[in-house]
file entry-v8.pdb (PDB, C-alpha atoms, pLDDT in the B column)
MODEL        1
ATOM      1  CA  MET A   3       0.000   0.000   0.000  1.00 47.00           C
ATOM      2  CA  LYS A   4       2.862   2.407   0.683  1.00 52.00           C
ATOM      3  CA  TYR A   5       3.662   2.410  -3.058  1.00 47.00           C
ATOM      4  CA  LEU A   6       0.122   3.544  -3.790  1.00 49.00           C
ATOM      5  CA  GLN A   7       0.073   6.090  -0.970  1.00 49.00           C
ATOM      6  CA  GLN A   8       3.349   7.674  -2.037  1.00 52.00           C
ATOM      7  CA  GLY A   9       2.937   7.141  -5.761  1.00 52.00           C
ATOM      8  CA  GLY A  10       5.976   4.854  -5.855  1.00 54.00           C
ATOM      9  CA  PHE A  11       4.216   2.385  -8.131  1.00 53.00           C
ATOM     10  CA  GLN A  12       5.111   4.707 -10.991  1.00 54.00           C
ATOM     11  CA  HIS A  13       8.755   3.776 -10.520  1.00 58.00           C
ATOM     12  CA  LYS A  14       8.356   0.108  -9.515  1.00 74.00           C
ATOM     13  CA  ALA A  15       8.078  -2.188 -12.522  1.00 78.00           C
ATOM     14  CA  PRO A  16       6.519  -5.135 -10.604  1.00 83.00           C
ATOM     15  CA  MET A  17       3.814  -2.879  -9.192  1.00 82.00           C
ATOM     16  CA  ARG A  18       3.063  -1.435 -12.634  1.00 81.00           C
ATOM     17  CA  LEU A  19       2.948  -4.995 -13.980  1.00 89.00           C
ATOM     18  CA  THR A  20       0.349  -6.156 -11.463  1.00 88.00           C
ATOM     19  CA  LEU A  21      -1.729  -3.027 -11.941  1.00 89.00           C
ATOM     20  CA  GLY A  22      -1.474  -3.345 -15.707  1.00 89.00           C
ATOM     21  CA  LEU A  23      -2.509  -7.001 -15.653  1.00 92.00           C
ATOM     22  CA  SER A  24      -5.418  -6.069 -13.394  1.00 92.00           C
ATOM     23  CA  LEU A  25      -6.489  -3.546 -16.017  1.00 93.00           C
ATOM     24  CA  VAL A  26      -6.292  -6.268 -18.681  1.00 94.00           C
ATOM     25  CA  MET A  27      -8.637  -8.434 -16.604  1.00 95.00           C
ATOM     26  CA  LEU A  28     -10.955  -5.472 -16.013  1.00 95.00           C
ATOM     27  CA  PHE A  29     -10.953  -4.829 -19.760  1.00 96.00           C
ATOM     28  CA  GLY A  30     -12.281  -8.386 -20.083  1.00 96.00           C
ATOM     29  CA  LEU A  31     -14.966  -7.544 -17.532  1.00 95.00           C
ATOM     30  CA  TRP A  32     -15.873  -4.492 -19.608  1.00 96.00           C
ATOM     31  CA  LEU A  33     -16.144  -6.527 -22.832  1.00 97.00           C
ATOM     32  CA  THR A  34     -18.198  -9.290 -21.228  1.00 96.00           C
ATOM     33  CA  GLY A  35     -20.493  -6.623 -19.782  1.00 95.00           C
ATOM     34  CA  PHE A  36     -21.394  -5.652 -23.342  1.00 96.00           C
ATOM     35  CA  ALA A  37     -21.811  -9.277 -24.382  1.00 97.00           C
ATOM     36  CA  MET A  38     -24.081 -10.073 -21.445  1.00 95.00           C
ATOM     37  CA  TYR A  39     -26.229  -6.992 -21.976  1.00 96.00           C
ATOM     38  CA  PHE A  40     -26.720  -7.641 -25.685  1.00 97.00           C
ATOM     39  CA  GLN A  41     -27.403 -11.324 -25.070  1.00 96.00           C
ATOM     40  CA  ARG A  42     -30.459 -10.280 -23.068  1.00 94.00           C
ATOM     41  CA  MET A  43     -31.639  -7.035 -24.667  1.00 95.00           C
ATOM     42  CA  GLY A  44     -30.701  -4.311 -27.085  1.00 96.00           C
ATOM     43  CA  LEU A  45     -30.618  -0.535 -27.166  1.00 97.00           C
ATOM     44  CA  SER A  46     -34.339  -0.173 -27.803  1.00 97.00           C
ATOM     45  CA  ALA A  47     -36.801   0.546 -25.027  1.00 97.00           C
ATOM     46  CA  ASP A  48     -38.985  -2.312 -26.310  1.00 96.00           C
ATOM     47  CA  SER A  49     -36.198  -4.854 -25.830  1.00 96.00           C
ATOM     48  CA  VAL A  50     -35.636  -3.605 -22.271  1.00 97.00           C
ATOM     49  CA  ARG A  51     -39.328  -3.837 -21.477  1.00 97.00           C
ATOM     50  CA  ALA A  52     -39.501  -7.348 -22.953  1.00 96.00           C
ATOM     51  CA  TYR A  53     -36.546  -8.452 -20.832  1.00 96.00           C
ATOM     52  CA  TYR A  54     -37.856  -7.093 -17.527  1.00 97.00           C
ATOM     53  CA  LEU A  55     -41.608  -7.411 -18.065  1.00 96.00           C
ATOM     54  CA  GLY A  56     -41.680 -10.581 -20.153  1.00 94.00           C
ATOM     55  CA  SER A  57     -42.919 -11.058 -23.678  1.00 87.00           C
ATOM     56  CA  PRO A  58     -45.637 -13.359 -24.969  1.00 86.00           C
ATOM     57  CA  ASP A  59     -44.022 -13.200 -28.414  1.00 84.00           C
ATOM     58  CA  GLY A  60     -40.656 -14.286 -26.999  1.00 76.00           C
ATOM     59  CA  PHE A  61     -42.245 -16.780 -24.580  1.00 86.00           C
ATOM     60  CA  SER A  62     -40.494 -15.103 -21.648  1.00 86.00           C
ATOM     61  CA  ASN A  63     -41.802 -14.383 -18.175  1.00 93.00           C
ATOM     62  CA  PRO A  64     -41.257 -11.155 -16.244  1.00 95.00           C
ATOM     63  CA  ARG A  65     -38.076 -11.029 -14.171  1.00 95.00           C
ATOM     64  CA  SER A  66     -38.894 -12.123 -10.654  1.00 96.00           C
ATOM     65  CA  TYR A  67     -38.086 -10.146  -7.555  1.00 97.00           C
ATOM     66  CA  ALA A  68     -35.976 -13.068  -6.304  1.00 97.00           C
ATOM     67  CA  SER A  69     -33.862 -13.289  -9.475  1.00 96.00           C
ATOM     68  CA  MET A  70     -33.293  -9.539  -9.528  1.00 96.00           C
ATOM     69  CA  LEU A  71     -32.358  -9.564  -5.853  1.00 97.00           C
ATOM     70  CA  GLU A  72     -29.871 -12.378  -6.449  1.00 97.00           C
ATOM     71  CA  THR A  73     -28.305 -10.474  -9.350  1.00 95.00           C
ATOM     72  CA  ALA A  74     -28.064  -7.257  -7.331  1.00 96.00           C
ATOM     73  CA  HIS A  75     -26.503  -9.160  -4.438  1.00 97.00           C
ATOM     74  CA  ALA A  76     -23.663 -10.270  -6.735  1.00 95.00           C
ATOM     75  CA  HIS A  77     -23.344  -7.053  -8.749  1.00 94.00           C
ATOM     76  CA  LEU A  78     -23.235  -4.490  -5.959  1.00 96.00           C
ATOM     77  CA  PRO A  79     -20.117  -5.703  -4.111  1.00 96.00           C
ATOM     78  CA  MET A  80     -18.308  -6.502  -7.373  1.00 95.00           C
ATOM     79  CA  MET A  81     -19.047  -3.048  -8.772  1.00 95.00           C
ATOM     80  CA  ALA A  82     -18.012  -1.443  -5.489  1.00 96.00           C
ATOM     81  CA  LEU A  83     -14.643  -3.218  -5.442  1.00 96.00           C
ATOM     82  CA  VAL A  84     -13.887  -2.624  -9.120  1.00 95.00           C
ATOM     83  CA  LEU A  85     -14.761   1.056  -8.851  1.00 96.00           C
ATOM     84  CA  LEU A  86     -12.873   1.396  -5.567  1.00 95.00           C
ATOM     85  CA  LEU A  87      -9.748   0.066  -7.258  1.00 92.00           C
ATOM     86  CA  LEU A  88     -10.108   2.204 -10.368  1.00 94.00           C
ATOM     87  CA  THR A  89     -11.072   5.457  -8.664  1.00 94.00           C
ATOM     88  CA  HIS A  90      -8.383   4.910  -6.033  1.00 91.00           C
ATOM     89  CA  LEU A  91      -5.789   4.678  -8.792  1.00 88.00           C
ATOM     90  CA  VAL A  92      -7.175   7.868 -10.333  1.00 88.00           C
ATOM     91  CA  LEU A  93      -6.125   9.641  -7.138  1.00 87.00           C
ATOM     92  CA  PHE A  94      -2.503   9.251  -8.270  1.00 83.00           C
ATOM     93  CA  ALA A  95      -3.104  10.506 -11.803  1.00 82.00           C
ATOM     94  CA  PRO A  96      -2.195  14.101 -12.641  1.00 82.00           C
ATOM     95  CA  PHE A  97      -5.728  15.523 -12.412  1.00 86.00           C
ATOM     96  CA  SER A  98      -7.080  18.285 -10.233  1.00 92.00           C
ATOM     97  CA  ASP A  99      -8.920  17.303  -7.058  1.00 94.00           C
ATOM     98  CA  ARG A 100     -12.132  18.582  -8.631  1.00 96.00           C
ATOM     99  CA  ALA A 101     -11.633  16.330 -11.677  1.00 94.00           C
ATOM    100  CA  LYS A 102     -10.868  13.349  -9.443  1.00 94.00           C
ATOM    101  CA  ALA A 103     -14.062  13.940  -7.458  1.00 95.00           C
ATOM    102  CA  ARG A 104     -16.100  14.223 -10.671  1.00 96.00           C
ATOM    103  CA  ILE A 105     -14.617  10.977 -11.961  1.00 96.00           C
ATOM    104  CA  ALA A 106     -15.526   9.213  -8.706  1.00 96.00           C
ATOM    105  CA  TRP A 107     -19.070  10.614  -8.761  1.00 97.00           C
ATOM    106  CA  ALA A 108     -19.484   9.622 -12.413  1.00 97.00           C
ATOM    107  CA  ALA A 109     -18.201   6.101 -11.778  1.00 97.00           C
ATOM    108  CA  PHE A 110     -20.307   5.344  -8.730  1.00 98.00           C
ATOM    109  CA  GLY A 111     -23.312   7.353  -9.916  1.00 98.00           C
ATOM    110  CA  THR A 112     -23.576   5.564 -13.251  1.00 98.00           C
ATOM    111  CA  ALA A 113     -23.053   2.186 -11.552  1.00 97.00           C
ATOM    112  CA  ILE A 114     -25.875   2.858  -9.093  1.00 97.00           C
ATOM    113  CA  LEU A 115     -28.102   4.144 -11.890  1.00 98.00           C
ATOM    114  CA  GLU A 116     -27.376   1.105 -14.036  1.00 96.00           C
ATOM    115  CA  GLU A 117     -28.161  -1.304 -11.222  1.00 96.00           C
ATOM    116  CA  SER A 118     -31.306   0.509 -10.104  1.00 97.00           C
ATOM    117  CA  SER A 119     -32.745   1.259 -13.554  1.00 98.00           C
ATOM    118  CA  GLY A 120     -33.784  -2.351 -14.165  1.00 97.00           C
ATOM    119  CA  TRP A 121     -35.666  -2.327 -10.880  1.00 98.00           C
ATOM    120  CA  LEU A 122     -37.373   0.891 -11.910  1.00 98.00           C
ATOM    121  CA  VAL A 123     -38.500  -0.582 -15.232  1.00 97.00           C
ATOM    122  CA  ARG A 124     -39.760  -3.779 -13.609  1.00 97.00           C
ATOM    123  CA  PHE A 125     -41.434  -2.428 -10.494  1.00 97.00           C
ATOM    124  CA  VAL A 126     -42.093   1.304 -11.006  1.00 97.00           C
ATOM    125  CA  HIS A 127     -42.943   2.085 -14.650  1.00 98.00           C
ATOM    126  CA  PRO A 128     -42.172   0.526 -18.057  1.00 97.00           C
ATOM    127  CA  GLY A 129     -41.706   4.031 -19.458  1.00 97.00           C
ATOM    128  CA  LEU A 130     -38.335   4.128 -17.684  1.00 98.00           C
ATOM    129  CA  ALA A 131     -36.850   1.629 -20.158  1.00 98.00           C
ATOM    130  CA  PRO A 132     -34.846   4.338 -22.001  1.00 98.00           C
ATOM    131  CA  LEU A 133     -33.213   5.169 -18.664  1.00 98.00           C
ATOM    132  CA  ARG A 134     -31.950   1.578 -18.471  1.00 98.00           C
ATOM    133  CA  VAL A 135     -30.338   1.909 -21.910  1.00 98.00           C
ATOM    134  CA  ALA A 136     -28.801   5.292 -21.060  1.00 98.00           C
ATOM    135  CA  ALA A 137     -27.522   4.015 -17.703  1.00 98.00           C
ATOM    136  CA  PHE A 138     -25.876   1.005 -19.353  1.00 98.00           C
ATOM    137  CA  LEU A 139     -24.172   3.152 -21.992  1.00 98.00           C
ATOM    138  CA  ALA A 140     -23.070   5.766 -19.450  1.00 98.00           C
ATOM    139  CA  PHE A 141     -21.627   3.202 -17.050  1.00 98.00           C
ATOM    140  CA  GLN A 142     -19.817   1.357 -19.826  1.00 97.00           C
ATOM    141  CA  ALA A 143     -18.393   4.665 -21.111  1.00 98.00           C
ATOM    142  CA  VAL A 144     -17.129   5.637 -17.652  1.00 97.00           C
ATOM    143  CA  LEU A 145     -15.725   2.167 -16.963  1.00 96.00           C
ATOM    144  CA  GLY A 146     -14.028   2.017 -20.356  1.00 96.00           C
ATOM    145  CA  GLY A 147     -12.654   5.518 -19.866  1.00 95.00           C
ATOM    146  CA  LEU A 148     -11.250   4.637 -16.444  1.00 95.00           C
ATOM    147  CA  ILE A 149      -9.577   1.479 -17.724  1.00 95.00           C
ATOM    148  CA  THR A 150      -8.143   3.230 -20.787  1.00 94.00           C
ATOM    149  CA  GLY A 151      -7.051   6.337 -18.898  1.00 91.00           C
ATOM    150  CA  LEU A 152      -5.340   4.362 -16.160  1.00 90.00           C
ATOM    151  CA  GLY A 153      -3.691   2.115 -18.731  1.00 91.00           C
ATOM    152  CA  LEU A 154      -2.248   5.161 -20.455  1.00 89.00           C
ATOM    153  CA  PHE A 155      -1.153   6.575 -17.104  1.00 86.00           C
ATOM    154  CA  LEU A 156       0.705   3.329 -16.279  1.00 85.00           C
ATOM    155  CA  TYR A 157       2.234   3.225 -19.744  1.00 85.00           C
ATOM    156  CA  ASN A 158       3.485   6.820 -19.417  1.00 84.00           C
ATOM    157  CA  ALA A 159       4.840   6.064 -15.928  1.00 79.00           C
ATOM    158  CA  ALA A 160       6.757   3.117 -17.369  1.00 78.00           C
ATOM    159  CA  GLN A 161       8.184   5.308 -20.132  1.00 80.00           C
ATOM    160  CA  GLU A 162       9.252   7.974 -17.652  1.00 77.00           C
ATOM    161  CA  SER A 163      10.980   5.505 -15.338  1.00 73.00           C
ATOM    162  CA  ALA A 164      12.761   3.632 -18.135  1.00 68.00           C
ATOM    163  CA  PRO A 165      16.510   4.215 -17.973  1.00 67.00           C
ATOM    164  CA  HIS A 166      17.538   6.970 -20.317  1.00 62.00           C
ATOM    165  CA  HIS A 167      20.957   6.474 -21.793  1.00 58.00           C
ATOM    166  CA  PRO A 168      22.791   9.636 -22.761  1.00 60.00           C
ATOM    167  CA  PRO A 169      23.924   9.758 -26.368  1.00 62.00           C
ATOM    168  CA  ARG A 170      27.374   8.314 -26.908  1.00 64.00           C
ATOM    169  CA  ARG A 171      30.061  10.869 -27.490  1.00 66.00           C
ATOM    170  CA  GLN A 172      31.998  10.459 -30.663  1.00 67.00           C
ATOM    171  CA  PRO A 173      35.796  10.529 -30.241  1.00 65.00           C
ATOM    172  CA  HIS A 174      37.554  13.394 -32.016  1.00 63.00           C
TER
ENDMDL
END

call {"tool": "encode", "arguments": {"input": "entry-v8.pdb", "output": "structure tokens"}}
result
Amino acid sequence: MKYLQQGGFQHKAPMRLTLGLSLVMLFGLWLTGFAMYFQRMGLSADSVRAYYLGSPDGFSNPRSYASMLETAHAHLPMMALVLLLLTHLVLFAPFSDRAKARIAWAAFGTAILEESSGWLVRFVHPGLAPLRVAAFLAFQAVLGGLITGLGLFLYNAAQESAPHHPPRRQPH
């Protein structure tokens, strides 16, 4: 932790390696998030309503309270830990404190909105289906931006800490 607290990970290759590999795994999480969403529904409000409210045409039942509760129980701690890691790393990036706070609010806000929007469609009003689509796209954009931005930050830190060899002097 002291490397994170003091920013020493920028100059420690093993620490950058583990953080970089974590970002690779989180990139996989990001990609599978798209795949899972589009396996179940699309970007239309009708597809969202059909997924949460059921569809006689698609022979599907409405999502049950129990299944949604089980999904939320798994998603909420995973999202919290992933976003904790990513937003914590943002603290060491060269952004203003205001920008760092906005990034944290955007990350956690879109995650909460994404998780809650399905509940709103199912149990409050079907007219909120476009909110579910917007929440998914917003969260995926923020998550992708965090992963990409932190990857670039680690890459730049590696470039800066690489040994620079002075040019060889030519003998006269």

call {"tool": "residues_near_point", "arguments": {"input": "entry-v8.pdb", "point": "(-14.5, -2.8, -17.2)", "cutoff": "9 Å", "atoms": "all atoms listed in the file", "output": "JSON, numbers by chain"}}
result
{"A": [25, 27, 28, 29, 30, 31, 32, 33, 34, 35, 84, 142, 144, 145, 146, 147, 148, 149]}

call {"tool": "write_last_selection", "arguments": {"input": "entry-v8.pdb", "atoms": "C-alpha atoms", "output": "JSON list (two decimals), in the coordinates of the input"}}
result
[["chain", "number", "residue", "atom", "x", "y", "z"],
["A", 25, "LEU", "CA", -6.49, -3.55, -16.02],
["A", 27, "MET", "CA", -8.64, -8.43, -16.60],
["A", 28, "LEU", "CA", -10.96, -5.47, -16.01],
["A", 29, "PHE", "CA", -10.95, -4.83, -19.76],
["A", 30, "GLY", "CA", -12.28, -8.39, -20.08],
["A", 31, "LEU", "CA", -14.97, -7.54, -17.53],
["A", 32, "TRP", "CA", -15.87, -4.49, -19.61],
["A", 33, "LEU", "CA", -16.14, -6.53, -22.83],
["A", 34, "THR", "CA", -18.20, -9.29, -21.23],
["A", 35, "GLY", "CA", -20.49, -6.62, -19.78],
["A", 84, "VAL", "CA", -13.89, -2.62, -9.12],
["A", 142, "GLN", "CA", -19.82, 1.36, -19.83],
["A", 144, "VAL", "CA", -17.13, 5.64, -17.65],
["A", 145, "LEU", "CA", -15.72, 2.17, -16.96],
["A", 146, "GLY", "CA", -14.03, 2.02, -20.36],
["A", 147, "GLY", "CA", -12.65, 5.52, -19.87],
["A", 148, "LEU", "CA", -11.25, 4.64, -16.44],
["A", 149, "ILE", "CA", -9.58, 1.48, -17.72]]

call {"tool": "resolve_selection", "arguments": {"input": "entry-v8.pdb", "expression": "the PyMOL selection byres ((chain A and resi 121-132) around 10)", "output": "mmCIF file with C-alpha atoms, in the frame of the given file"}}
result
data_model
loop_
_atom_site.group_PDB
_atom_site.id
_atom_site.type_symbol
_atom_site.label_atom_id
_atom_site.label_comp_id
_atom_site.auth_asym_id
_atom_site.auth_seq_id
_atom_site.Cartn_x
_atom_site.Cartn_y
_atom_site.Cartn_z
ATOM 1 C CA LEU A 45 -30.618 -0.535 -27.166
ATOM 2 C CA SER A 46 -34.339 -0.173 -27.803
ATOM 3 C CA ALA A 47 -36.801 0.546 -25.027
ATOM 4 C CA ASP A 48 -38.985 -2.312 -26.310
ATOM 5 C CA SER A 49 -36.198 -4.854 -25.830
ATOM 6 C CA VAL A 50 -35.636 -3.605 -22.271
ATOM 7 C CA ARG A 51 -39.328 -3.837 -21.477
ATOM 8 C CA ALA A 52 -39.501 -7.348 -22.953
ATOM 9 C CA TYR A 53 -36.546 -8.452 -20.832
ATOM 10 C CA TYR A 54 -37.856 -7.093 -17.527
ATOM 11 C CA LEU A 55 -41.608 -7.411 -18.065
ATOM 12 C CA GLY A 56 -41.680 -10.581 -20.153
ATOM 13 C CA PRO A 64 -41.257 -11.155 -16.244
ATOM 14 C CA ARG A 65 -38.076 -11.029 -14.171
ATOM 15 C CA SER A 66 -38.894 -12.123 -10.654
ATOM 16 C CA TYR A 67 -38.086 -10.146 -7.555
ATOM 17 C CA MET A 70 -33.293 -9.539 -9.528
ATOM 18 C CA LEU A 71 -32.358 -9.564 -5.853
ATOM 19 C CA ALA A 74 -28.064 -7.257 -7.331
ATOM 20 C CA LEU A 115 -28.102 4.144 -11.890
ATOM 21 C CA GLU A 116 -27.376 1.105 -14.036
ATOM 22 C CA GLU A 117 -28.161 -1.304 -11.222
ATOM 23 C CA SER A 118 -31.306 0.509 -10.104
ATOM 24 C CA SER A 119 -32.745 1.259 -13.554
ATOM 25 C CA GLY A 120 -33.784 -2.351 -14.165
ATOM 26 C CA LEU A 133 -33.213 5.169 -18.664
ATOM 27 C CA ARG A 134 -31.950 1.578 -18.471
ATOM 28 C CA VAL A 135 -30.338 1.909 -21.910
ATOM 29 C CA ALA A 136 -28.801 5.292 -21.060
ATOM 30 C CA ALA A 137 -27.522 4.015 -17.703
ATOM 31 C CA PHE A 138 -25.876 1.005 -19.353
#

call {"tool": "resolve_selection", "arguments": {"input": "entry-v8.pdb", "expression": "the PyMOL selection byres ((chain A and resi 88-93) around 7)", "output": "list in words"}}
result
Val84, Leu85, Leu86, Leu87, Phe94, Ala95, Lys102, Ala106 and Leu148 of chain A

call {"tool": "atom_distance", "arguments": {"input": "entry-v8.pdb", "atom1": "CA of Ala101 (chain A)", "atom2": "CA of Met80 (chain A)"}}
result
24.2 Å

call {"tool": "atom_distance", "arguments": {"input": "entry-v8.pdb", "atom1": "CA of Phe110 (chain A)", "atom2": "CA of Met81 (chain A)"}}
result
8.5 Å
